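Q: The structure that follows is given in the form of structure tokens.
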Amino acid sequence: MAQALSLAKGKIMNTAVITETKIQNYVNGKWTESNAREWLDVVNPATGETLAKVPLSDAGDIGAAFESAAAAFPDWRRTPPEDRIQPLFKLKQLLERHIDDLGRIITQENGKTFAEGKAEMRRAIENVEVACGIPMMMQGYNLEDVARGIDEIMIRQPLGVAAAITPFNFPGMIPFWFLPYAIATGNTFILKPSERVPLTMRFAFELLEHCRLPKGVVNLVNGGKAVVDALLDHPKVRAISFVGSTPIAKYVYARAGANGKRAQCQGGAKNHVIVLPDADMQMATQIISDSAFGCAGQRCLAVSVAVTVGDAQKSFRDSITDAAANLRVGSGLDEGVQMGPVITRDSKARVQSLIGVGEKEGAKVLLDGRNAKIPKYESGNFVKPTILDNLPKDSELANTEIFGPVLSLVHANDIDEAIDFLAHSPFGNQASLFTSSGAAARKFRYEVQAGNIGINIGVAAPMAYFPFSGWKDSFFGVVHGQGRDAIEFYTDKKVVVERWAKEHSRKF
Ligand code: NAD
């Protein structure tokens, strides 16, 4: 049995060892085995080995989570914000102490490298830290004498039960875009992680169990579409946060809206970088290579299309091909490995077939990562870095999310032509520019329709105190995840207008 997680007699062990093959749910402060009839294998994408089984939880499991979260709400809401954040300080300590364990679990179930797994946990911890500021951030505002003798106050109150549905590509970070803010603002919370990577949250919830949260404040329900639909339909769930592919994001947004819930749904992406001839080509190459091929291209902020302008075409094409060819691909737990596998066999087959589509549409495969063979890991889902040159701007692939280690190169004569190409993308998650010109950078920042902009940055991932701002088909909703937007999302505003007329007030 592979390594993973467990508690020994209530103590968190430093090096996790699996003792559980059937992943449990965490409901009402207890670990419970699901009644599910269907269980899926959780597979290590580098080795093909089955790590555990995850339940597709049924109506009974989900009903118990709703009841638990709803019952916990009235008292949790009355708990002073200062007291509500104490468990988060403890959580931060535990996440720091177990960052290696979490990194290792992420590598085992997701495939990214150990360093990448730890890096995403760093981002998770940042969100816990920011949510510890709730007693300040949740404050409302007021104004005396909006009319003579009349005062007005805006108060923020929690909503009730909030839920999050998260994807496979950041098993540790993305749930923490939501959980700390939801509970610090006084809501209770249900998480449904991706059924492909349930082990990371299994471990994180073991840590949460040691944070002295009242039972029912946080709940973990494993499963797939049935759990999602139940969350979308249940009248007690007031808010839905979703991160995943665009078709599911649209579906979740529409169904949550039809049921009167607030929803924030982050979708897929096709991120562009423009490389101007005045860019520092060595720096651009290194950063873009990491963005396109890091996490095997399975980051929602991964650069997928590089648009070279003017003379940048040849130098960038040569240097990026060289850099990509030299990346060390293998199991993310092995020393020196820079890129791991993609998540599933199906995903590998899809990525390889999309490379073929690009080729048919007229691109030249400069570097071909198909049919990769990694010694000792013959059963892994490896696709090596791939570069498609001269992808036609009007091709289907130019607007298709690949979500694998494939970088397409497109050429433009000037920055206007390049920005115009970006404007036609249905997605707007991230766009980056490499240049040494401030004027070009300002023009880019001003004109480009994407929510996260990088200037000489390859992965413009906002820090926890800024919103994660996708646009277009990369986001459905109004307020985003993280930072002040999270406070906005997880609270309702109440306005009180009050008059205490002098003649009616007692003299003290
Ligand atoms: P996915 O859409 O397949 O799954 C996301 C979640 O939705 C999972 O929890 C899954 O169980 C659930 N789900 C899947 N099919 C469903 C259905 N038919 N009905 C209801 N729920 C369903 O996404 P994924 O493959 O896990 O993740 C990769 C995708 O997520 C990529 O498109 C990537 O760009 C996107 N992503 C976006 C962001 C962002 O911030 N915009 C961040 C990370 C990932």
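How things are named: the first chain in the structure tokens is A, the next is B, and so on; residues count from 1 in each chain; ligands count from 1 in the order shown.
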Pick out the residues sitting within 12 Å of Glu67 of chain A, and hand them over as a PDB file with N, CA, C and O atoms, in the first residue's frame; count only C-alpha atoms, and ignore anything fewer than 4 positions along from it in its own chain.
A:
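To be explicit, this is the file written out as out.pdb:
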```pdb
ATOM      1  N   VAL A  27     -18.319  14.493   8.850  1.00  0.00           N
ATOM      2  CA  VAL A  27     -19.621  15.136   9.020  1.00  0.00           C
ATOM      3  C   VAL A  27     -19.928  15.232  10.509  1.00  0.00           C
ATOM      4  O   VAL A  27     -19.762  14.250  11.243  1.00  0.00           O
ATOM      5  N   ASN A  28     -20.365  16.423  10.921  1.00  0.00           N
ATOM      6  CA  ASN A  28     -20.753  16.646  12.318  1.00  0.00           C
ATOM      7  C   ASN A  28     -19.634  16.264  13.291  1.00  0.00           C
ATOM      8  O   ASN A  28     -19.877  15.652  14.336  1.00  0.00           O
ATOM      9  N   GLY A  60     -28.126   9.985   1.505  1.00  0.00           N
ATOM     10  CA  GLY A  60     -28.069   9.895   2.972  1.00  0.00           C
ATOM     11  C   GLY A  60     -26.845  10.629   3.509  1.00  0.00           C
ATOM     12  O   GLY A  60     -26.925  11.396   4.481  1.00  0.00           O
ATOM     13  N   ASP A  61     -25.699  10.410   2.861  1.00  0.00           N
ATOM     14  CA  ASP A  61     -24.461  11.070   3.306  1.00  0.00           C
ATOM     15  C   ASP A  61     -24.594  12.580   3.201  1.00  0.00           C
ATOM     16  O   ASP A  61     -24.187  13.324   4.087  1.00  0.00           O
ATOM     17  N   ILE A  62     -25.172  13.005   2.081  1.00  0.00           N
ATOM     18  CA  ILE A  62     -25.250  14.454   1.847  1.00  0.00           C
ATOM     19  C   ILE A  62     -26.256  15.081   2.818  1.00  0.00           C
ATOM     20  O   ILE A  62     -26.004  16.143   3.395  1.00  0.00           O
ATOM     21  N   GLY A  63     -27.374  14.374   3.018  1.00  0.00           N
ATOM     22  CA  GLY A  63     -28.393  14.878   3.950  1.00  0.00           C
ATOM     23  C   GLY A  63     -27.796  15.090   5.332  1.00  0.00           C
ATOM     24  O   GLY A  63     -28.065  16.096   6.004  1.00  0.00           O
ATOM     25  N   ALA A  71     -27.316  22.841  11.612  1.00  0.00           N
ATOM     26  CA  ALA A  71     -27.488  22.844  13.070  1.00  0.00           C
ATOM     27  C   ALA A  71     -26.366  23.632  13.751  1.00  0.00           C
ATOM     28  O   ALA A  71     -26.576  24.254  14.795  1.00  0.00           O
ATOM     29  N   ALA A  72     -25.179  23.599  13.150  1.00  0.00           N
ATOM     30  CA  ALA A  72     -24.043  24.281  13.780  1.00  0.00           C
ATOM     31  C   ALA A  72     -24.097  25.798  13.583  1.00  0.00           C
ATOM     32  O   ALA A  72     -23.461  26.558  14.322  1.00  0.00           O
ATOM     33  N   PHE A  73     -24.851  26.236  12.584  1.00  0.00           N
ATOM     34  CA  PHE A  73     -24.789  27.655  12.210  1.00  0.00           C
ATOM     35  C   PHE A  73     -25.218  28.645  13.319  1.00  0.00           C
ATOM     36  O   PHE A  73     -24.474  29.594  13.604  1.00  0.00           O
ATOM     37  N   GLY A 160     -25.127  31.564   6.328  1.00  0.00           N
ATOM     38  CA  GLY A 160     -25.682  30.274   6.781  1.00  0.00           C
ATOM     39  C   GLY A 160     -24.741  29.169   6.351  1.00  0.00           C
ATOM     40  O   GLY A 160     -23.557  29.183   6.676  1.00  0.00           O
ATOM     41  N   VAL A 161     -25.245  28.254   5.527  1.00  0.00           N
ATOM     42  CA  VAL A 161     -24.384  27.158   5.054  1.00  0.00           C
ATOM     43  C   VAL A 161     -23.798  27.545   3.688  1.00  0.00           C
ATOM     44  O   VAL A 161     -24.537  27.935   2.779  1.00  0.00           O
ATOM     45  N   THR A 188     -21.200  28.149   8.196  1.00  0.00           N
ATOM     46  CA  THR A 188     -20.717  26.775   8.291  1.00  0.00           C
ATOM     47  C   THR A 188     -20.497  26.276   6.864  1.00  0.00           C
ATOM     48  O   THR A 188     -20.991  26.882   5.902  1.00  0.00           O
ATOM     49  N   PHE A 189     -19.756  25.179   6.711  1.00  0.00           N
ATOM     50  CA  PHE A 189     -19.148  24.921   5.404  1.00  0.00           C
ATOM     51  C   PHE A 189     -19.180  23.441   5.045  1.00  0.00           C
ATOM     52  O   PHE A 189     -18.949  22.577   5.887  1.00  0.00           O
ATOM     53  N   ILE A 190     -19.476  23.191   3.764  1.00  0.00           N
ATOM     54  CA  ILE A 190     -19.388  21.817   3.228  1.00  0.00           C
ATOM     55  C   ILE A 190     -18.442  21.850   2.026  1.00  0.00           C
ATOM     56  O   ILE A 190     -18.632  22.655   1.113  1.00  0.00           O
ATOM     57  N   LYS A 215     -18.477  20.988  16.363  1.00  0.00           N
ATOM     58  CA  LYS A 215     -18.868  19.995  15.352  1.00  0.00           C
ATOM     59  C   LYS A 215     -19.870  20.613  14.368  1.00  0.00           C
ATOM     60  O   LYS A 215     -20.711  21.433  14.759  1.00  0.00           O
ATOM     61  N   GLY A 216     -19.725  20.227  13.122  1.00  0.00           N
ATOM     62  CA  GLY A 216     -20.654  20.712  12.098  1.00  0.00           C
ATOM     63  C   GLY A 216     -20.220  21.984  11.397  1.00  0.00           C
ATOM     64  O   GLY A 216     -20.799  22.355  10.385  1.00  0.00           O
ATOM     65  N   VAL A 217     -19.186  22.664  11.914  1.00  0.00           N
ATOM     66  CA  VAL A 217     -18.764  23.918  11.267  1.00  0.00           C
ATOM     67  C   VAL A 217     -18.090  23.624   9.925  1.00  0.00           C
ATOM     68  O   VAL A 217     -18.313  24.333   8.941  1.00  0.00           O
ATOM     69  N   VAL A 218     -17.275  22.566   9.884  1.00  0.00           N
ATOM     70  CA  VAL A 218     -16.696  22.164   8.598  1.00  0.00           C
ATOM     71  C   VAL A 218     -17.063  20.708   8.311  1.00  0.00           C
ATOM     72  O   VAL A 218     -17.011  19.860   9.203  1.00  0.00           O
ATOM     73  N   ASN A 219     -17.449  20.446   7.088  1.00  0.00           N
ATOM     74  CA  ASN A 219     -17.873  19.099   6.687  1.00  0.00           C
ATOM     75  C   ASN A 219     -17.235  18.760   5.345  1.00  0.00           C
ATOM     76  O   ASN A 219     -17.088  19.648   4.491  1.00  0.00           O
ATOM     77  N   HIS A 234     -30.236  22.141  -2.521  1.00  0.00           N
ATOM     78  CA  HIS A 234     -30.714  22.147  -1.138  1.00  0.00           C
ATOM     79  C   HIS A 234     -31.006  23.577  -0.653  1.00  0.00           C
ATOM     80  O   HIS A 234     -30.147  24.454  -0.736  1.00  0.00           O
ATOM     81  N   PRO A 235     -32.222  23.797  -0.130  1.00  0.00           N
ATOM     82  CA  PRO A 235     -32.577  25.168   0.256  1.00  0.00           C
ATOM     83  C   PRO A 235     -31.700  25.737   1.364  1.00  0.00           C
ATOM     84  O   PRO A 235     -31.573  26.955   1.494  1.00  0.00           O
ATOM     85  N   LYS A 236     -31.069  24.866   2.163  1.00  0.00           N
ATOM     86  CA  LYS A 236     -30.245  25.382   3.281  1.00  0.00           C
ATOM     87  C   LYS A 236     -28.891  25.917   2.813  1.00  0.00           C
ATOM     88  O   LYS A 236     -28.218  26.638   3.545  1.00  0.00           O
ATOM     89  N   VAL A 237     -28.466  25.534   1.611  1.00  0.00           N
ATOM     90  CA  VAL A 237     -27.164  26.023   1.135  1.00  0.00           C
ATOM     91  C   VAL A 237     -27.370  27.396   0.506  1.00  0.00           C
ATOM     92  O   VAL A 237     -28.132  27.542  -0.448  1.00  0.00           O
TER      93      VAL A 237
END
```
Q: Residues within 7 Å of ligand 1, counting only C-alpha atoms and all ligand atoms: report them as an MDAnalysis selection string.
A: chainID A and resid 165:170 192:195 223:225 228:229 243:246 248:249 252 266:269 299:300 403 429 468 470 474:475
Q: Next, dump the selected residues to file, keeping only N, CA and C atoms, as a compact mmCIF listing (two decimals), in the first residue's frame.
A:
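Final output, out_36.txt:
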```txt
# COMPACT_ATOMS: atom_id res chain seq x y z
N ILE A 165 -17.01 23.45 -4.33
CA ILE A 165 -16.80 22.28 -5.20
C ILE A 165 -15.49 22.56 -5.93
N THR A 166 -14.52 21.68 -5.79
CA THR A 166 -13.17 22.05 -6.25
C THR A 166 -12.61 21.04 -7.26
N PRO A 167 -11.60 21.47 -8.04
CA PRO A 167 -11.07 20.64 -9.13
C PRO A 167 -9.86 19.80 -8.70
N PHE A 168 -9.31 19.04 -9.64
CA PHE A 168 -8.22 18.13 -9.30
C PHE A 168 -6.85 18.81 -9.28
N ASN A 169 -6.73 19.98 -9.93
CA ASN A 169 -5.37 20.42 -10.23
C ASN A 169 -4.64 21.10 -9.07
N PHE A 170 -5.40 21.62 -8.09
CA PHE A 170 -4.77 22.13 -6.86
C PHE A 170 -5.53 21.55 -5.67
N LYS A 192 -16.81 19.72 -1.18
CA LYS A 192 -16.78 18.53 -2.03
C LYS A 192 -15.54 18.62 -2.91
N PRO A 193 -14.48 17.92 -2.51
CA PRO A 193 -13.26 17.99 -3.33
C PRO A 193 -13.41 17.15 -4.60
N SER A 194 -12.44 17.30 -5.49
CA SER A 194 -12.45 16.47 -6.70
C SER A 194 -12.31 15.00 -6.31
N GLU A 195 -13.12 14.17 -6.93
CA GLU A 195 -13.08 12.75 -6.62
C GLU A 195 -11.78 12.11 -7.12
N GLY A 223 -17.40 12.79 -3.45
CA GLY A 223 -18.37 12.32 -4.44
C GLY A 223 -18.23 13.06 -5.76
N GLY A 224 -19.26 12.91 -6.58
CA GLY A 224 -19.25 13.51 -7.91
C GLY A 224 -20.50 14.32 -8.16
N LYS A 225 -21.09 14.13 -9.33
CA LYS A 225 -22.21 14.97 -9.78
C LYS A 225 -23.40 14.94 -8.80
N VAL A 228 -22.81 17.31 -6.05
CA VAL A 228 -22.87 18.70 -6.56
C VAL A 228 -24.33 19.11 -6.74
N ASP A 229 -25.10 18.26 -7.39
CA ASP A 229 -26.51 18.61 -7.64
C ASP A 229 -27.28 18.79 -6.33
N VAL A 243 -14.88 25.75 -8.67
CA VAL A 243 -13.71 25.92 -9.54
C VAL A 243 -13.59 24.65 -10.37
N GLY A 244 -13.49 24.80 -11.68
CA GLY A 244 -13.36 23.64 -12.55
C GLY A 244 -13.45 24.07 -14.01
N SER A 245 -13.89 23.18 -14.85
CA SER A 245 -13.92 23.47 -16.29
C SER A 245 -15.11 24.39 -16.63
N THR A 246 -15.02 25.06 -17.76
CA THR A 246 -16.06 26.04 -18.13
C THR A 246 -17.46 25.43 -18.28
N ILE A 248 -18.87 22.96 -16.79
CA ILE A 248 -19.46 22.65 -15.47
C ILE A 248 -19.67 23.95 -14.69
N ALA A 249 -18.76 24.89 -14.86
CA ALA A 249 -18.92 26.19 -14.17
C ALA A 249 -20.22 26.87 -14.60
N VAL A 252 -23.18 24.93 -13.09
CA VAL A 252 -23.32 25.18 -11.64
C VAL A 252 -23.88 26.59 -11.41
N GLN A 266 -15.53 29.64 -11.10
CA GLN A 266 -14.31 29.85 -11.89
C GLN A 266 -14.19 28.71 -12.89
N GLY A 267 -13.98 29.10 -14.15
CA GLY A 267 -13.98 28.10 -15.22
C GLY A 267 -12.60 27.88 -15.82
N GLY A 268 -12.59 27.34 -17.02
CA GLY A 268 -11.36 26.97 -17.71
C GLY A 268 -10.62 28.18 -18.27
N ALA A 269 -9.57 27.89 -19.04
CA ALA A 269 -8.71 28.98 -19.48
C ALA A 269 -7.95 28.60 -20.74
N ARG A 299 -2.20 23.97 -14.82
CA ARG A 299 -2.54 25.12 -13.97
C ARG A 299 -3.54 25.95 -14.74
N CYS A 300 -4.52 26.48 -14.05
CA CYS A 300 -5.49 27.32 -14.78
C CYS A 300 -4.83 28.61 -15.23
N PHE A 403 -4.95 21.85 -21.34
CA PHE A 403 -4.68 21.42 -19.97
C PHE A 403 -3.66 20.28 -19.93
N ASN A 429 -8.75 34.31 -18.30
CA ASN A 429 -8.21 34.04 -16.96
C ASN A 429 -6.93 34.82 -16.71
N PHE A 468 -8.95 36.58 -7.03
CA PHE A 468 -8.52 35.77 -8.17
C PHE A 468 -9.49 36.06 -9.31
N GLY A 470 -10.69 35.96 -12.73
CA GLY A 470 -10.93 35.56 -14.13
C GLY A 470 -12.03 36.40 -14.77
N SER A 474 -13.98 32.36 -18.23
CA SER A 474 -13.18 31.83 -17.12
C SER A 474 -13.81 32.15 -15.78
N PHE A 475 -14.90 32.90 -15.78
CA PHE A 475 -15.53 33.22 -14.49
C PHE A 475 -17.00 33.59 -14.68
```
Q: Considering only C-alpha atoms, state which residue in the set A:Thr79, A:Ser432, A:Ser57, A:Gln449 is at the smallest distance from Ile287 of chain A.
A: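 Among A:Thr79, A:Ser432, A:Ser57, A:Gln449, it is A:Ser432 that comes nearest to Ile287 of chain A.
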Q: Can you list, as a CSV table (one decimal) with all heavy atoms, in the first residue's frame, every protein, DNA or RNA residue that comes within 7 Å of segment 33-47 of chain A when you count only C-alpha atoms, leaving out same-chain residues fewer than 5 positions away?
A:
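Saved as around_30.csv:
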```
chain,number,residue,atom,x,y,z
A,24,GLN,N,-13.1,8.2,4.0
A,24,GLN,CA,-14.3,8.6,4.8
A,24,GLN,C,-14.7,10.0,4.6
A,24,GLN,O,-13.9,10.8,4.1
A,24,GLN,CB,-14.0,8.3,6.3
A,24,GLN,CG,-13.8,6.8,6.6
A,24,GLN,CD,-13.6,6.6,8.1
A,24,GLN,OE1,-13.0,7.4,8.8
A,24,GLN,NE2,-14.2,5.5,8.5
A,25,ASN,N,-16.0,10.3,4.9
A,25,ASN,CA,-16.4,11.7,4.9
A,25,ASN,C,-16.3,12.2,6.3
A,25,ASN,O,-16.1,11.4,7.3
A,25,ASN,CB,-17.9,11.7,4.5
A,25,ASN,CG,-18.1,11.4,3.1
A,25,ASN,OD1,-17.3,11.6,2.2
A,25,ASN,ND2,-19.3,10.8,2.8
A,52,ALA,N,-6.2,4.5,-2.9
A,52,ALA,CA,-7.4,4.3,-2.0
A,52,ALA,C,-8.6,4.3,-2.9
A,52,ALA,O,-8.6,4.4,-4.1
A,52,ALA,CB,-7.4,5.5,-1.1
A,53,LYS,N,-9.8,4.2,-2.2
A,53,LYS,CA,-11.0,4.2,-2.9
A,53,LYS,C,-11.8,5.4,-2.4
A,53,LYS,O,-11.9,5.6,-1.2
A,53,LYS,CB,-11.8,2.9,-2.7
A,53,LYS,CG,-11.2,1.8,-3.5
A,53,LYS,CD,-12.2,0.6,-3.7
A,53,LYS,CE,-11.6,-0.5,-4.5
A,53,LYS,NZ,-11.5,-0.1,-5.9
A,54,VAL,N,-12.5,6.1,-3.3
A,54,VAL,CA,-13.3,7.3,-2.9
A,54,VAL,C,-14.8,7.0,-3.1
A,54,VAL,O,-15.1,6.5,-4.2
A,54,VAL,CB,-12.8,8.5,-3.6
A,54,VAL,CG1,-13.0,8.5,-5.1
A,54,VAL,CG2,-13.4,9.8,-3.0
A,55,PRO,N,-15.6,7.3,-2.2
A,55,PRO,CA,-17.1,7.1,-2.4
A,55,PRO,C,-17.7,8.1,-3.3
A,55,PRO,O,-17.3,9.3,-3.2
A,55,PRO,CB,-17.7,7.1,-1.0
A,55,PRO,CG,-16.8,8.1,-0.3
A,55,PRO,CD,-15.4,7.9,-0.8
A,56,LEU,N,-18.7,7.7,-4.1
A,56,LEU,CA,-19.6,8.7,-4.7
A,56,LEU,C,-20.7,8.8,-3.8
A,56,LEU,O,-21.7,8.0,-3.9
A,56,LEU,CB,-20.0,8.2,-6.1
A,56,LEU,CG,-18.8,8.1,-7.1
A,56,LEU,CD1,-19.3,7.8,-8.5
A,56,LEU,CD2,-18.1,9.5,-7.2
A,57,SER,N,-20.6,9.6,-2.8
A,57,SER,CA,-21.6,9.6,-1.7
A,57,SER,C,-23.0,9.8,-2.1
A,57,SER,O,-23.3,10.4,-3.2
A,57,SER,CB,-21.2,10.8,-0.7
A,57,SER,OG,-20.0,10.6,-0.2
A,58,ASP,N,-23.9,9.2,-1.3
A,58,ASP,CA,-25.3,9.2,-1.7
A,58,ASP,C,-26.1,10.2,-1.0
A,58,ASP,O,-25.6,10.9,-0.1
A,58,ASP,CB,-25.9,7.8,-1.6
A,58,ASP,CG,-26.0,7.3,-0.2
A,58,ASP,OD1,-25.8,8.2,0.7
A,58,ASP,OD2,-26.4,6.2,0.1
A,61,ASP,N,-25.7,10.4,2.9
A,61,ASP,CA,-24.5,11.1,3.3
A,61,ASP,C,-24.6,12.6,3.2
A,61,ASP,O,-24.2,13.3,4.1
A,61,ASP,CB,-23.3,10.7,2.4
A,61,ASP,CG,-23.0,9.2,2.4
A,61,ASP,OD1,-23.2,8.6,3.5
A,61,ASP,OD2,-22.7,8.6,1.3
A,108,GLN,N,1.5,12.4,-4.8
A,108,GLN,CA,1.0,11.0,-5.0
A,108,GLN,C,-0.3,11.0,-5.7
A,108,GLN,O,-0.5,10.1,-6.6
A,108,GLN,CB,0.9,10.3,-3.7
A,108,GLN,CG,2.3,10.0,-3.1
A,108,GLN,CD,2.2,9.3,-1.8
A,108,GLN,OE1,1.3,9.6,-1.0
A,108,GLN,NE2,3.1,8.4,-1.5
A,109,GLU,N,-1.2,11.9,-5.4
A,109,GLU,CA,-2.5,11.7,-6.0
A,109,GLU,C,-2.7,12.6,-7.3
A,109,GLU,O,-3.5,12.3,-8.1
A,109,GLU,CB,-3.7,11.9,-5.0
A,109,GLU,CG,-3.8,13.3,-4.5
A,109,GLU,CD,-5.0,13.4,-3.5
A,109,GLU,OE1,-5.8,12.5,-3.4
A,109,GLU,OE2,-5.2,14.5,-3.0
A,110,ASN,N,-1.9,13.7,-7.3
A,110,ASN,CA,-2.1,14.6,-8.5
A,110,ASN,C,-1.0,14.5,-9.5
A,110,ASN,O,-1.2,14.7,-10.7
A,110,ASN,CB,-2.1,16.1,-8.0
A,110,ASN,CG,-2.0,17.1,-9.1
A,110,ASN,OD1,-0.9,17.3,-9.5
A,110,ASN,ND2,-3.1,17.7,-9.5
A,111,GLY,N,0.2,14.1,-9.1
A,111,GLY,CA,1.3,13.9,-10.0
A,111,GLY,C,2.3,15.1,-10.1
A,111,GLY,O,3.4,14.9,-10.6
A,196,ARG,N,-11.0,12.9,-7.9
A,196,ARG,CA,-9.8,12.3,-8.4
A,196,ARG,C,-8.6,12.5,-7.4
A,196,ARG,O,-7.6,11.8,-7.5
A,196,ARG,CB,-9.4,12.9,-9.8
A,196,ARG,CG,-10.3,12.3,-10.9
A,196,ARG,CD,-10.0,12.9,-12.2
A,196,ARG,NE,-10.7,14.1,-12.5
A,196,ARG,CZ,-10.6,14.8,-13.6
A,196,ARG,NH1,-9.8,14.4,-14.5
A,196,ARG,NH2,-11.3,15.9,-13.7
A,197,VAL,N,-8.8,13.5,-6.5
A,197,VAL,CA,-7.7,13.8,-5.6
A,197,VAL,C,-8.3,14.0,-4.1
A,197,VAL,O,-8.1,15.1,-3.6
A,197,VAL,CB,-6.9,15.0,-6.0
A,197,VAL,CG1,-6.1,14.7,-7.3
A,197,VAL,CG2,-7.8,16.2,-6.3
A,331,SER,N,8.6,11.0,-12.1
A,331,SER,CA,7.7,11.0,-10.9
A,331,SER,C,8.1,12.2,-10.0
A,331,SER,O,9.3,12.4,-9.7
A,331,SER,CB,8.0,9.7,-10.1
A,331,SER,OG,7.4,9.9,-8.8
A,341,PRO,N,3.5,13.7,-14.4
A,341,PRO,CA,2.5,13.3,-15.4
A,341,PRO,C,1.2,14.1,-15.5
A,341,PRO,O,1.0,15.0,-14.6
A,341,PRO,CB,2.2,11.9,-14.9
A,341,PRO,CG,2.3,12.0,-13.4
A,341,PRO,CD,3.4,12.9,-13.2
A,342,VAL,N,0.4,13.9,-16.4
A,342,VAL,CA,-1.0,14.5,-16.4
A,342,VAL,C,-1.9,13.5,-15.6
A,342,VAL,O,-1.5,12.4,-15.3
A,342,VAL,CB,-1.6,14.7,-17.8
A,342,VAL,CG1,-0.8,15.8,-18.5
A,342,VAL,CG2,-1.7,13.5,-18.6
A,343,ILE,N,-3.1,14.0,-15.2
A,343,ILE,CA,-3.8,13.4,-14.1
A,343,ILE,C,-4.3,11.9,-14.4
A,343,ILE,O,-4.2,11.1,-13.6
A,343,ILE,CB,-5.0,14.3,-13.7
A,343,ILE,CG1,-5.7,13.7,-12.4
A,343,ILE,CG2,-6.0,14.5,-14.8
A,343,ILE,CD1,-4.9,13.9,-11.2
A,344,THR,N,-4.8,11.7,-15.6
A,344,THR,CA,-5.4,10.3,-15.9
A,344,THR,C,-4.9,9.8,-17.3
A,344,THR,O,-4.4,10.6,-18.1
A,344,THR,CB,-6.9,10.3,-15.9
A,344,THR,OG1,-7.3,11.3,-16.9
A,344,THR,CG2,-7.5,10.7,-14.6
A,377,TYR,N,8.6,4.0,-14.9
A,377,TYR,CA,7.2,4.5,-14.7
A,377,TYR,C,6.4,4.3,-16.0
A,377,TYR,O,5.7,5.2,-16.5
A,377,TYR,CB,7.3,6.0,-14.4
A,377,TYR,CG,7.9,6.2,-13.0
A,377,TYR,CD1,9.2,6.7,-13.0
A,377,TYR,CD2,7.3,6.0,-11.9
A,377,TYR,CE1,9.9,6.9,-11.8
A,377,TYR,CE2,7.9,6.2,-10.6
A,377,TYR,CZ,9.2,6.6,-10.6
A,377,TYR,OH,9.8,6.8,-9.4
A,379,SER,N,3.8,2.7,-16.5
A,379,SER,CA,2.3,2.9,-16.3
A,379,SER,C,1.8,4.3,-16.0
A,379,SER,O,0.7,4.5,-15.8
A,379,SER,CB,1.8,2.0,-15.2
A,379,SER,OG,2.2,0.7,-15.4
A,380,GLY,N,2.8,5.2,-16.0
A,380,GLY,CA,2.4,6.6,-15.7
A,380,GLY,C,1.8,7.3,-16.9
A,380,GLY,O,2.0,6.9,-18.0
A,381,ASN,N,1.1,8.4,-16.6
A,381,ASN,CA,0.4,9.2,-17.7
A,381,ASN,C,1.3,10.3,-18.2
A,381,ASN,O,0.9,11.5,-18.0
A,381,ASN,CB,-0.9,9.8,-17.1
A,381,ASN,CG,-1.7,8.7,-16.4
A,381,ASN,OD1,-1.8,7.6,-16.8
A,381,ASN,ND2,-2.3,9.1,-15.3
```
Q: Rank nothing, just name the residue among A:Lys360, A:Arg345, A:His272, A:Lys443 nearest to His424 of chain A, using only C-alpha atoms.
A: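 That would be A:His272, the residue with the smallest distance to His424 of chain A.
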Q: To test your reading of the structure, identify every residue in segment 354-434 of chain A that backbone DSSP assigns to alpha helix (DSSP H), and report it as a list in words.
A: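 DSSP on the backbone gives alpha helix (DSSP H) at Leu354, Ile355, Gly356, Val357, Gly358, Glu359, Lys360, Ile415, Asp416, Glu417, Ala418, Ile419, Asp420, Phe421, Leu422 and Ala423 of chain A.
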Q: Produce a table with one row for each residue of segment 85-128 of chain A that has an atom at most 10 Å from any atom of segment 179-185 of chain A, each row naming the nearest atom pair and its distance in Å at one decimal; use only C-alpha atoms; arrange rows by chain and rising residue number; format as a tab-separated table.
A:
```
residue	atom	partner	partner_atom	distance
A:Ile85	CA	A:Ala184	CA	5.8
A:Gln86	CA	A:Ala184	CA	9.3
A:Pro87	CA	A:Ala184	CA	9.3
A:Leu88	CA	A:Pro180	CA	7.2
A:Leu91	CA	A:Pro180	CA	9.6
A:Ala124	CA	A:Pro180	CA	9.5
A:Ile125	CA	A:Pro180	CA	9.6
A:Asn127	CA	A:Pro180	CA	6.9
A:Val128	CA	A:Pro180	CA	5.5
```
Q: Which residue out of A:Val497, A:Leu94, A:Val337, A:Val410 has the minimum interatomic distance to Cys295 of chain A when only C-alpha atoms are used?
A: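 With only C-alpha atoms as the atom set, the closest residue is A:Val337.
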Q: Report as a list in words all protein, DNA and RNA residues lying within 10 Å of Met173 of chain A, evaluated on only C-alpha atoms, omitting residues in the same chain fewer than 2 positions from it.
A: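 The neighbour list is Gly117, Lys118, Ala119, Glu120, Met121, Arg122, Arg123, Ala124, Ile125, Glu126, Asn127, Thr166, Asn169, Phe170, Pro171, Pro175, Phe176, Trp177, Phe178, Thr200 and Met201 of chain A.
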Q: For Arg77 of chain A, list every protein, DNA or RNA residue within 7 Å, evaluated using only C-alpha atoms, and leave out those in the same chain fewer than 3 positions away; present the list as a CSV table (one decimal) with N, CA and C atoms, in the first residue's frame.
A:
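Output contents, as saved in part.csv:
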```csv
chain,number,residue,atom,x,y,z
A,73,PHE,N,-24.9,26.2,12.6
A,73,PHE,CA,-24.8,27.7,12.2
A,73,PHE,C,-25.2,28.6,13.3
A,74,PRO,N,-26.4,28.5,14.0
A,74,PRO,CA,-26.8,29.5,14.9
A,74,PRO,C,-25.8,29.8,16.0
A,158,PRO,N,-23.2,36.7,8.5
A,158,PRO,CA,-23.0,35.5,7.7
A,158,PRO,C,-24.2,35.0,7.0
A,186,GLY,N,-18.4,33.4,9.9
A,186,GLY,CA,-19.5,32.9,10.7
A,186,GLY,C,-20.4,32.0,10.0
A,187,ASN,N,-20.0,31.5,8.8
A,187,ASN,CA,-20.8,30.5,8.1
A,187,ASN,C,-20.4,29.1,8.5
```
